[in-house]
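Text of the file upload-v2.pdb, holding PDB, C-alpha atoms, pLDDT in the B column:
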MODEL        1
ATOM      1  CA  MET A   1      93.248 125.310 106.108  1.00 45.00           C
ATOM      2  CA  THR A   2      93.378 128.988 106.962  1.00 41.00           C
ATOM      3  CA  LYS A   3      92.033 131.168 104.174  1.00 45.00           C
ATOM      4  CA  GLN A   4      94.915 133.218 102.828  1.00 43.00           C
ATOM      5  CA  LEU A   5      94.429 136.968 103.326  1.00 51.00           C
ATOM      6  CA  ASP A   6      97.255 138.191 101.092  1.00 58.00           C
ATOM      7  CA  SER A   7      96.098 138.674  97.532  1.00 52.00           C
ATOM      8  CA  ASP A   8      99.535 137.892  96.085  1.00 64.00           C
ATOM      9  CA  ILE A   9      99.567 134.393  97.645  1.00 77.00           C
ATOM     10  CA  SER A  10      97.005 132.161  95.982  1.00 83.00           C
ATOM     11  CA  ASP A  11      95.106 129.279  97.507  1.00 84.00           C
ATOM     12  CA  LEU A  12      96.753 127.052  94.899  1.00 87.00           C
ATOM     13  CA  THR A  13     100.201 128.109  96.123  1.00 89.00           C
ATOM     14  CA  VAL A  14      99.265 127.241  99.691  1.00 90.00           C
ATOM     15  CA  LEU A  15      97.794 123.874  98.696  1.00 90.00           C
ATOM     16  CA  THR A  16     100.849 123.025  96.565  1.00 94.00           C
ATOM     17  CA  HIS A  17     103.250 123.718  99.431  1.00 94.00           C
ATOM     18  CA  ALA A  18     101.002 121.836 101.861  1.00 93.00           C
ATOM     19  CA  ALA A  19     101.108 118.782  99.597  1.00 94.00           C
ATOM     20  CA  ALA A  20     104.917 118.984  99.444  1.00 96.00           C
ATOM     21  CA  LEU A  21     105.101 119.181 103.240  1.00 95.00           C
ATOM     22  CA  GLN A  22     102.770 116.183 103.515  1.00 94.00           C
ATOM     23  CA  ASP A  23     105.174 114.223 101.332  1.00 95.00           C
ATOM     24  CA  VAL A  24     108.164 115.223 103.464  1.00 95.00           C
ATOM     25  CA  ALA A  25     106.315 114.354 106.677  1.00 93.00           C
ATOM     26  CA  GLY A  26     105.461 110.903 105.335  1.00 93.00           C
ATOM     27  CA  LEU A  27     109.084 110.284 104.361  1.00 95.00           C
ATOM     28  CA  PHE A  28     110.363 111.387 107.769  1.00 96.00           C
ATOM     29  CA  TYR A  29     107.781 109.242 109.542  1.00 93.00           C
ATOM     30  CA  ASP A  30     108.871 106.202 107.536  1.00 94.00           C
ATOM     31  CA  LYS A  31     112.506 106.918 108.436  1.00 95.00           C
ATOM     32  CA  GLY A  32     111.649 107.206 112.130  1.00 95.00           C
ATOM     33  CA  TRP A  33     112.652 110.858 112.243  1.00 96.00           C
ATOM     34  CA  ALA A  34     109.193 112.298 113.050  1.00 93.00           C
ATOM     35  CA  VAL A  35     106.997 109.633 114.608  1.00 91.00           C
ATOM     36  CA  GLY A  36     103.619 110.304 116.166  1.00 87.00           C
ATOM     37  CA  THR A  37     103.017 114.023 116.591  1.00 85.00           C
ATOM     38  CA  SER A  38     106.714 114.912 116.910  1.00 89.00           C
ATOM     39  CA  GLY A  39     108.407 117.400 114.612  1.00 89.00           C
ATOM     40  CA  ASN A  40     107.130 120.395 112.693  1.00 93.00           C
ATOM     41  CA  PHE A  41     107.724 121.687 109.188  1.00 96.00           C
ATOM     42  CA  SER A  42     107.297 124.987 107.385  1.00 96.00           C
ATOM     43  CA  VAL A  43     107.688 126.764 104.060  1.00 97.00           C
ATOM     44  CA  VAL A  44     108.135 130.513 103.583  1.00 97.00           C
ATOM     45  CA  LEU A  45     105.350 131.882 101.362  1.00 96.00           C
ATOM     46  CA  SER A  46     106.509 135.483 101.520  1.00 95.00           C
ATOM     47  CA  HIS A  47     109.341 137.377 103.207  1.00 95.00           C
ATOM     48  CA  ASP A  48     107.727 140.813 102.991  1.00 93.00           C
ATOM     49  CA  PRO A  49     105.368 140.604 104.696  1.00 94.00           C
ATOM     50  CA  LEU A  50     106.544 137.398 106.348  1.00 96.00           C
ATOM     51  CA  ARG A  51     104.059 134.592 105.783  1.00 96.00           C
ATOM     52  CA  LEU A  52     104.874 131.048 106.824  1.00 96.00           C
ATOM     53  CA  LEU A  53     102.944 127.861 106.091  1.00 95.00           C
ATOM     54  CA  ILE A  54     103.471 125.558 109.082  1.00 94.00           C
ATOM     55  CA  THR A  55     102.132 122.298 110.455  1.00 92.00           C
ATOM     56  CA  ALA A  56      99.396 122.698 113.045  1.00 87.00           C
ATOM     57  CA  SER A  57     100.022 121.608 116.621  1.00 83.00           C
ATOM     58  CA  GLY A  58      99.533 117.980 117.672  1.00 79.00           C
ATOM     59  CA  LYS A  59      99.175 116.400 114.233  1.00 80.00           C
ATOM     60  CA  ASP A  60     100.280 112.863 113.426  1.00 82.00           C
ATOM     61  CA  LYS A  61     103.064 113.207 110.864  1.00 84.00           C
ATOM     62  CA  ARG A  62     102.248 109.805 109.349  1.00 86.00           C
ATOM     63  CA  CYS A  63      98.947 111.019 107.971  1.00 86.00           C
ATOM     64  CA  LEU A  64      98.847 114.806 107.672  1.00 87.00           C
ATOM     65  CA  ALA A  65      95.790 116.074 105.832  1.00 86.00           C
ATOM     66  CA  ALA A  66      95.700 119.043 103.479  1.00 84.00           C
ATOM     67  CA  ASP A  67      94.067 121.165 106.162  1.00 86.00           C
ATOM     68  CA  ASP A  68      96.578 120.275 108.904  1.00 88.00           C
ATOM     69  CA  PHE A  69      98.541 123.431 108.073  1.00 92.00           C
ATOM     70  CA  LEU A  70      98.025 127.101 108.689  1.00 92.00           C
ATOM     71  CA  VAL A  71      99.556 130.386 107.586  1.00 94.00           C
ATOM     72  CA  VAL A  72     101.146 132.574 110.256  1.00 94.00           C
ATOM     73  CA  ASP A  73     102.638 136.068 110.283  1.00 95.00           C
ATOM     74  CA  GLU A  74     105.948 137.380 111.613  1.00 95.00           C
ATOM     75  CA  HIS A  75     104.654 137.050 115.165  1.00 94.00           C
ATOM     76  CA  GLY A  76     103.628 133.427 114.707  1.00 93.00           C
ATOM     77  CA  LYS A  77      99.933 134.323 114.697  1.00 92.00           C
ATOM     78  CA  PRO A  78      97.423 132.868 112.205  1.00 91.00           C
ATOM     79  CA  VAL A  79      96.625 135.383 109.475  1.00 89.00           C
ATOM     80  CA  SER A  80      92.919 134.622 109.839  1.00 72.00           C
ATOM     81  CA  ASP A  81      90.563 132.488 111.906  1.00 63.00           C
ATOM     82  CA  SER A  82      91.513 128.823 112.000  1.00 69.00           C
ATOM     83  CA  ARG A  83      90.320 125.764 113.891  1.00 76.00           C
ATOM     84  CA  HIS A  84      93.984 124.817 114.348  1.00 80.00           C
ATOM     85  CA  LYS A  85      96.655 126.380 116.494  1.00 83.00           C
ATOM     86  CA  PRO A  86     100.273 126.737 115.373  1.00 83.00           C
ATOM     87  CA  SER A  87     102.998 124.490 116.735  1.00 83.00           C
ATOM     88  CA  ALA A  88     104.309 125.575 120.131  1.00 84.00           C
ATOM     89  CA  GLU A  89     107.695 126.005 118.432  1.00 93.00           C
ATOM     90  CA  THR A  90     106.471 128.323 115.684  1.00 95.00           C
ATOM     91  CA  MET A  91     108.751 131.164 116.792  1.00 96.00           C
ATOM     92  CA  LEU A  92     111.800 128.965 116.188  1.00 97.00           C
ATOM     93  CA  HIS A  93     110.630 128.680 112.590  1.00 97.00           C
ATOM     94  CA  ILE A  94     110.002 132.419 112.441  1.00 97.00           C
ATOM     95  CA  ALA A  95     113.538 133.145 113.689  1.00 97.00           C
ATOM     96  CA  LEU A  96     114.927 131.237 110.718  1.00 97.00           C
ATOM     97  CA  ALA A  97     112.314 132.391 108.195  1.00 97.00           C
ATOM     98  CA  ARG A  98     113.333 136.001 108.802  1.00 96.00           C
ATOM     99  CA  MET A  99     116.670 135.220 107.149  1.00 95.00           C
ATOM    100  CA  PRO A 100     116.458 136.236 103.463  1.00 94.00           C
ATOM    101  CA  ASP A 101     118.055 133.029 102.168  1.00 95.00           C
ATOM    102  CA  VAL A 102     115.769 130.643 104.098  1.00 97.00           C
ATOM    103  CA  GLY A 103     112.784 129.176 102.278  1.00 98.00           C
ATOM    104  CA  ALA A 104     111.929 126.161 104.435  1.00 98.00           C
ATOM    105  CA  VAL A 105     112.520 124.937 107.991  1.00 98.00           C
ATOM    106  CA  LEU A 106     112.338 121.304 109.145  1.00 98.00           C
ATOM    107  CA  HIS A 107     112.401 119.965 112.693  1.00 97.00           C
ATOM    108  CA  THR A 108     112.831 116.242 113.409  1.00 96.00           C
ATOM    109  CA  HIS A 109     112.959 114.086 116.549  1.00 94.00           C
ATOM    110  CA  SER A 110     115.162 111.169 115.556  1.00 96.00           C
ATOM    111  CA  LEU A 111     116.753 108.649 117.878  1.00 96.00           C
ATOM    112  CA  TRP A 112     120.321 109.637 116.993  1.00 96.00           C
ATOM    113  CA  SER A 113     119.862 113.407 117.170  1.00 97.00           C
ATOM    114  CA  THR A 114     118.129 113.061 120.531  1.00 97.00           C
ATOM    115  CA  LEU A 115     120.925 110.927 121.989  1.00 97.00           C
ATOM    116  CA  LEU A 116     123.815 112.934 120.559  1.00 98.00           C
ATOM    117  CA  SER A 117     122.296 116.242 121.644  1.00 98.00           C
ATOM    118  CA  ASP A 118     122.461 114.948 125.202  1.00 97.00           C
ATOM    119  CA  ILE A 119     125.888 113.297 125.009  1.00 97.00           C
ATOM    120  CA  TYR A 120     127.605 116.366 123.499  1.00 98.00           C
ATOM    121  CA  PHE A 121     125.642 119.090 125.276  1.00 98.00           C
ATOM    122  CA  ALA A 122     128.344 119.812 127.875  1.00 97.00           C
ATOM    123  CA  GLY A 123     130.759 120.733 125.077  1.00 97.00           C
ATOM    124  CA  GLY A 124     128.286 123.122 123.479  1.00 97.00           C
ATOM    125  CA  GLY A 125     127.971 121.215 120.261  1.00 97.00           C
ATOM    126  CA  LEU A 126     128.875 118.292 118.047  1.00 96.00           C
ATOM    127  CA  GLU A 127     131.808 118.312 115.622  1.00 96.00           C
ATOM    128  CA  ILE A 128     131.643 116.199 112.457  1.00 97.00           C
ATOM    129  CA  GLU A 129     134.652 116.161 110.161  1.00 95.00           C
ATOM    130  CA  GLY A 130     136.057 114.323 107.164  1.00 95.00           C
ATOM    131  CA  TYR A 131     132.994 112.479 105.858  1.00 95.00           C
ATOM    132  CA  GLU A 132     132.090 112.505 102.171  1.00 95.00           C
ATOM    133  CA  MET A 133     128.413 113.059 102.981  1.00 95.00           C
ATOM    134  CA  LEU A 134     129.222 116.542 104.293  1.00 96.00           C
ATOM    135  CA  LYS A 135     129.266 117.638 100.651  1.00 96.00           C
ATOM    136  CA  GLY A 136     125.498 117.213 100.604  1.00 96.00           C
ATOM    137  CA  LEU A 137     125.157 120.352 102.730  1.00 96.00           C
ATOM    138  CA  SER A 138     124.884 123.610 100.786  1.00 94.00           C
ATOM    139  CA  GLY A 139     128.145 125.474 100.332  1.00 93.00           C
ATOM    140  CA  ILE A 140     130.418 122.612 101.374  1.00 93.00           C
ATOM    141  CA  PRO A 141     132.544 121.520  98.372  1.00 90.00           C
ATOM    142  CA  THR A 142     134.808 118.950 100.038  1.00 90.00           C
ATOM    143  CA  HIS A 143     134.802 116.245 102.681  1.00 91.00           C
ATOM    144  CA  GLU A 144     137.725 118.074 104.282  1.00 89.00           C
ATOM    145  CA  HIS A 145     135.343 120.193 106.285  1.00 92.00           C
ATOM    146  CA  ARG A 146     134.637 120.622 109.988  1.00 92.00           C
ATOM    147  CA  LEU A 147     130.924 120.923 110.688  1.00 95.00           C
ATOM    148  CA  TRP A 148     129.958 122.319 114.066  1.00 96.00           C
ATOM    149  CA  VAL A 149     126.369 121.619 115.129  1.00 97.00           C
ATOM    150  CA  GLU A 150     125.550 123.824 118.110  1.00 98.00           C
ATOM    151  CA  ILE A 151     123.375 122.420 120.901  1.00 98.00           C
ATOM    152  CA  PHE A 152     120.891 124.568 122.824  1.00 98.00           C
ATOM    153  CA  ASP A 153     119.427 123.469 126.120  1.00 97.00           C
ATOM    154  CA  ASN A 154     115.821 122.338 126.062  1.00 95.00           C
ATOM    155  CA  THR A 155     113.318 124.819 127.459  1.00 93.00           C
ATOM    156  CA  GLN A 156     109.613 125.535 127.457  1.00 91.00           C
ATOM    157  CA  ASP A 157     110.411 129.241 127.028  1.00 95.00           C
ATOM    158  CA  ILE A 158     110.323 129.164 123.235  1.00 94.00           C
ATOM    159  CA  PRO A 159     110.397 132.977 122.758  1.00 94.00           C
ATOM    160  CA  ASP A 160     113.651 133.133 124.738  1.00 96.00           C
ATOM    161  CA  LEU A 161     115.167 130.263 122.769  1.00 97.00           C
ATOM    162  CA  ALA A 162     114.072 131.926 119.523  1.00 96.00           C
ATOM    163  CA  ARG A 163     115.856 135.116 120.556  1.00 96.00           C
ATOM    164  CA  ARG A 164     119.031 133.179 121.324  1.00 96.00           C
ATOM    165  CA  VAL A 165     118.860 131.389 117.983  1.00 97.00           C
ATOM    166  CA  SER A 166     118.312 134.723 116.206  1.00 96.00           C
ATOM    167  CA  ARG A 167     121.401 136.193 117.851  1.00 96.00           C
ATOM    168  CA  ARG A 168     123.492 133.241 116.719  1.00 96.00           C
ATOM    169  CA  LEU A 169     122.114 133.444 113.178  1.00 95.00           C
ATOM    170  CA  SER A 170     123.145 137.100 112.934  1.00 93.00           C
ATOM    171  CA  ASP A 171     126.581 136.675 114.547  1.00 94.00           C
ATOM    172  CA  GLU A 172     128.967 138.472 112.188  1.00 90.00           C
ATOM    173  CA  ASN A 173     131.980 136.334 113.087  1.00 91.00           C
ATOM    174  CA  ASP A 174     130.507 132.857 113.477  1.00 92.00           C
ATOM    175  CA  PRO A 175     126.829 132.569 112.511  1.00 92.00           C
ATOM    176  CA  LEU A 176     124.834 129.365 112.806  1.00 93.00           C
ATOM    177  CA  ARG A 177     124.970 127.419 109.552  1.00 93.00           C
ATOM    178  CA  HIS A 178     122.913 124.506 108.295  1.00 95.00           C
ATOM    179  CA  ALA A 179     121.498 123.236 111.596  1.00 97.00           C
ATOM    180  CA  TYR A 180     121.340 123.171 115.361  1.00 98.00           C
ATOM    181  CA  LEU A 181     120.245 120.675 117.992  1.00 98.00           C
ATOM    182  CA  ILE A 182     118.103 121.057 121.093  1.00 98.00           C
ATOM    183  CA  ARG A 183     119.200 118.874 124.003  1.00 97.00           C
ATOM    184  CA  ARG A 184     117.209 115.642 124.364  1.00 96.00           C
ATOM    185  CA  HIS A 185     114.829 117.006 121.752  1.00 95.00           C
ATOM    186  CA  GLY A 186     115.950 116.994 118.152  1.00 95.00           C
ATOM    187  CA  LEU A 187     117.225 118.736 115.045  1.00 98.00           C
ATOM    188  CA  TYR A 188     116.407 122.023 113.339  1.00 98.00           C
ATOM    189  CA  THR A 189     117.679 122.545 109.828  1.00 97.00           C
ATOM    190  CA  TRP A 190     116.757 124.775 106.906  1.00 98.00           C
ATOM    191  CA  GLY A 191     117.424 125.525 103.259  1.00 97.00           C
ATOM    192  CA  LYS A 192     116.728 127.942 100.435  1.00 97.00           C
ATOM    193  CA  ASP A 193     113.703 125.802  99.600  1.00 97.00           C
ATOM    194  CA  LEU A 194     112.017 122.625 100.783  1.00 97.00           C
ATOM    195  CA  THR A 195     114.140 120.398  98.555  1.00 97.00           C
ATOM    196  CA  GLU A 196     117.373 121.716 100.027  1.00 98.00           C
ATOM    197  CA  ALA A 197     116.057 121.589 103.591  1.00 98.00           C
ATOM    198  CA  ARG A 198     114.934 117.977 103.119  1.00 98.00           C
ATOM    199  CA  ARG A 199     118.358 117.056 101.754  1.00 98.00           C
ATOM    200  CA  HIS A 200     119.986 118.643 104.792  1.00 98.00           C
ATOM    201  CA  VAL A 201     117.857 116.497 107.089  1.00 98.00           C
ATOM    202  CA  GLU A 202     118.826 113.361 105.164  1.00 97.00           C
ATOM    203  CA  ILE A 203     122.537 114.226 105.224  1.00 97.00           C
ATOM    204  CA  LEU A 204     122.590 115.230 108.875  1.00 98.00           C
ATOM    205  CA  GLU A 205     120.604 112.217 110.057  1.00 97.00           C
ATOM    206  CA  PHE A 206     123.040 109.946 108.196  1.00 97.00           C
ATOM    207  CA  LEU A 207     126.011 111.685 109.823  1.00 97.00           C
ATOM    208  CA  PHE A 208     124.426 111.562 113.279  1.00 98.00           C
ATOM    209  CA  GLU A 209     123.964 107.816 112.934  1.00 97.00           C
ATOM    210  CA  VAL A 210     127.575 107.417 111.801  1.00 97.00           C
ATOM    211  CA  VAL A 211     128.829 109.332 114.856  1.00 96.00           C
ATOM    212  CA  ALA A 212     126.583 107.402 117.242  1.00 96.00           C
ATOM    213  CA  ARG A 213     127.459 103.985 115.841  1.00 95.00           C
ATOM    214  CA  ARG A 214     131.152 104.866 115.962  1.00 94.00           C
ATOM    215  CA  LEU A 215     130.735 105.614 119.660  1.00 92.00           C
ATOM    216  CA  GLN A 216     129.081 102.193 120.066  1.00 89.00           C
ATOM    217  CA  LEU A 217     131.971 100.441 118.322  1.00 90.00           C
ATOM    218  CA  ARG A 218     134.485 102.168 120.598  1.00 85.00           C
ATOM    219  CA  SER A 219     132.713 101.137 123.794  1.00 73.00           C
TER
ENDMDL
END

Transcribe the structure of this file into structure tokens.
Amino acid sequence: MTKQLDSDISDLTVLTHAAALQDVAGLFYDKGWAVGTSGNFSVVLSHDPLRLLITASGKDKRCLAADDFLVVDEHGKPVSDSRHKPSAETMLHIALARMPDVGAVLHTHSLWSTLLSDIYFAGGGLEIEGYEMLKGLSGIPTHEHRLWVEIFDNTQDIPDLARRVSRRLSDENDPLRHAYLIRRHGLYTWGKDLTEARRHVEILEFLFEVVARRLQLRS
């Protein structure tokens, strides 16, 4: 693991968050939401200066080791020498981590999110309404809620996608909330901490499966 350069962030803090991310990765692997090397996960260590603990590129999420993480700065660069390189999608995490109320970011590649992100892409997003499980998302007190999950097109130009996500996050009239999808790719969600972000993944993956299976029943 990268040696932490900031004196106010201890090695113990980094190791504790790494262990929590290992646990989440194992759970998501078992659920089929992050198989093989797919997905990436991060925890905000500090907002000022921005320091993010993130999974290294190309690591099997079934068996992440304690040193399969590294600390990056606001530009997505390791804060010191490391034998690992950050995930190619690090700047998507950074875009979210810059928000003051975001403490963790989780990205999964499930079957249902991949399929639905393709099916609903032409409409710009996926609408989910009326389900009790919506109340598991922060700030939603009732099932009588319309959740809009925006879908971005897949691209290898991650800096450009990160800029587009940032603009939507800061939209004064209709900011992104809870999550977004990338077409034929997967889900990004976040929370005030890792516990909340993990719950959002669980809730959203349940709802995605409900929507997809309902489409199957109608066909």

Self-check item: Shell around His145 of chain A at 9 Å using all atoms listed in the file, local window under 2 positions removed, as a list of chain:residue names
Solution: A:Ile128, A:Glu129, A:Gly130, A:Tyr131, A:Leu134, A:Lys135, A:Ile140, A:Pro141, A:Thr142, A:His143, A:Leu147

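The closest residue to Ser87 of chain A, picked from A:Trp112, A:Phe121, A:Phe41, A:Trp190 and counting all atoms listed in the file, is A:Phe41.
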
Quiz item: For this file, the PyMOL selection byres ((chain A and resi 148) around 7) selects which residues, as a list in words?
Solution: Gly125, Leu126, Glu127, Ile128, Arg146, Leu147, Val149 and Glu150 of chain A

Write out as a Markdown table a residue-level contact list of segment 73-161 of chain A versus segment 24-40 of chain A with cut-off 6 Å: for each qualifying residue the closest pair of atoms and the distance in Å to one decimal, counting all atoms listed in the file, rows sorted by chain and residue number upward.
| residue | atom | partner | partner_atom | distance |
| --- | --- | --- | --- | --- |
| A:His107 | CA | A:Gly39 | CA | 5.1 |
| A:Thr108 | CA | A:Gly39 | CA | 4.7 |
| A:His109 | CA | A:Trp33 | CA | 5.4 |
| A:Ser110 | CA | A:Trp33 | CA | 4.2 |

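Using all atoms listed in the file, the shortest contact distance between Leu52 of chain A and any of A:Glu74, A:Glu205, A:Asp68, A:Asp193 is found at A:Glu74.
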
Quiz prompt | Matched chain/residue IDs from the PyMOL selection byres ((chain A and resi 92) around 10), as number ranges by chain | solution = A: 76, 87-91, 93-97, 105, 107, 158-166, 188

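Comparing the minimum interatomic distances between Leu194 of chain A and each of A:Met99, A:Leu50, A:Ala104, A:Ala65, counting only C-alpha atoms, we find that A:Ala104 sits nearest.
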
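Distance annotation: of A:Pro49, A:Pro100, A:Pro175, A:Gly58, the residue with the minimal separation from Val79 of chain A is A:Pro49; atom set is only C-alpha atoms.
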
Quiz item: How would you write, as a ChimeraX atom specification, the residues chosen by the PyMOL selection byres ((chain A and resi 197) around 10) on this structure?
Solution: /A:43,102-107,137-138,178-179,188-196,198-203

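Here atom CA of Leu70 of chain A is placed at a distance of 24.3 Å from atom CA of Thr155 of chain A.
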
Quiz item: Excluding same-chain residues fewer than 2 positions from Ala18 of chain A, what lies within 10 Å of it counting all atoms listed in the file, as JSON, numbers by chain?
Solution: {"A": [1, 12, 13, 14, 15, 16, 20, 21, 22, 23, 24, 41, 42, 43, 53, 54, 55, 64, 65, 66, 67, 68, 69, 70]}

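Here atom CA of Leu115 of chain A stands at a distance of 29.3 Å from atom CA of Arg98 of chain A.
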
Self-check item: Point-to-point distance from atom CA of Ser113 of chain A to atom CA of Ala212 of chain A, Å rounded to tenths
Solution: 9.0 Å

Complete the atoms of segment 119-142 of chain A to N, CA and C atoms and put them out as a tab-separated table (two decimals), keeping the file's coordinate frame.
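Below you can see part-v2.tsv, which holds the result:
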chain	number	residue	atom	x	y	z
A	119	ILE	N	124.51	113.72	124.77
A	119	ILE	CA	125.89	113.30	125.01
A	119	ILE	C	126.87	114.46	124.84
A	120	TYR	N	126.65	115.31	123.82
A	120	TYR	CA	127.60	116.37	123.50
A	120	TYR	C	127.20	117.73	124.03
A	121	PHE	N	126.13	117.79	124.80
A	121	PHE	CA	125.64	119.09	125.28
A	121	PHE	C	126.67	119.85	126.10
A	122	ALA	N	127.39	119.14	126.99
A	122	ALA	CA	128.34	119.81	127.88
A	122	ALA	C	129.42	120.56	127.10
A	123	GLY	N	129.75	120.08	125.90
A	123	GLY	CA	130.76	120.73	125.08
A	123	GLY	C	130.21	121.83	124.19
A	124	GLY	N	128.90	122.04	124.25
A	124	GLY	CA	128.29	123.12	123.48
A	124	GLY	C	127.87	122.76	122.07
A	125	GLY	N	128.33	121.60	121.62
A	125	GLY	CA	127.97	121.22	120.26
A	125	GLY	C	128.66	119.94	119.84
A	126	LEU	N	128.37	119.54	118.63
A	126	LEU	CA	128.88	118.29	118.05
A	126	LEU	C	129.71	118.62	116.82
A	127	GLU	N	130.92	118.10	116.77
A	127	GLU	CA	131.81	118.31	115.62
A	127	GLU	C	131.80	117.08	114.73
A	128	ILE	N	131.62	117.29	113.44
A	128	ILE	CA	131.64	116.20	112.46
A	128	ILE	C	132.62	116.62	111.36
A	129	GLU	N	133.59	115.77	111.08
A	129	GLU	CA	134.65	116.16	110.16
A	129	GLU	C	135.09	114.99	109.30
A	130	GLY	N	135.38	115.28	108.03
A	130	GLY	CA	136.06	114.32	107.16
A	130	GLY	C	135.18	113.37	106.39
A	131	TYR	N	133.88	113.44	106.53
A	131	TYR	CA	132.99	112.48	105.86
A	131	TYR	C	132.52	113.01	104.51
A	132	GLU	N	132.50	112.13	103.52
A	132	GLU	CA	132.09	112.50	102.17
A	132	GLU	C	130.68	113.10	102.15
A	133	MET	N	129.79	112.60	103.00
A	133	MET	CA	128.41	113.06	102.98
A	133	MET	C	128.26	114.52	103.38
A	134	LEU	N	129.28	115.12	103.97
A	134	LEU	CA	129.22	116.54	104.29
A	134	LEU	C	128.99	117.40	103.05
A	135	LYS	N	129.41	116.89	101.90
A	135	LYS	CA	129.27	117.64	100.65
A	135	LYS	C	127.81	117.78	100.23
A	136	GLY	N	126.92	117.06	100.89
A	136	GLY	CA	125.50	117.21	100.60
A	136	GLY	C	124.88	118.44	101.24
A	137	LEU	N	125.63	119.11	102.12
A	137	LEU	CA	125.16	120.35	102.73
A	137	LEU	C	125.54	121.53	101.85
A	138	SER	N	124.65	122.49	101.70
A	138	SER	CA	124.88	123.61	100.79
A	138	SER	C	126.16	124.37	101.16
A	139	GLY	N	126.94	124.68	100.14
A	139	GLY	CA	128.15	125.47	100.33
A	139	GLY	C	129.36	124.72	100.81
A	140	ILE	N	129.27	123.41	100.94
A	140	ILE	CA	130.42	122.61	101.37
A	140	ILE	C	130.92	121.80	100.18
A	141	PRO	N	132.08	122.16	99.60
A	141	PRO	CA	132.54	121.52	98.37
A	141	PRO	C	133.43	120.30	98.58
A	142	THR	N	133.85	120.03	99.81
A	142	THR	CA	134.81	118.95	100.04
A	142	THR	C	134.52	118.25	101.36
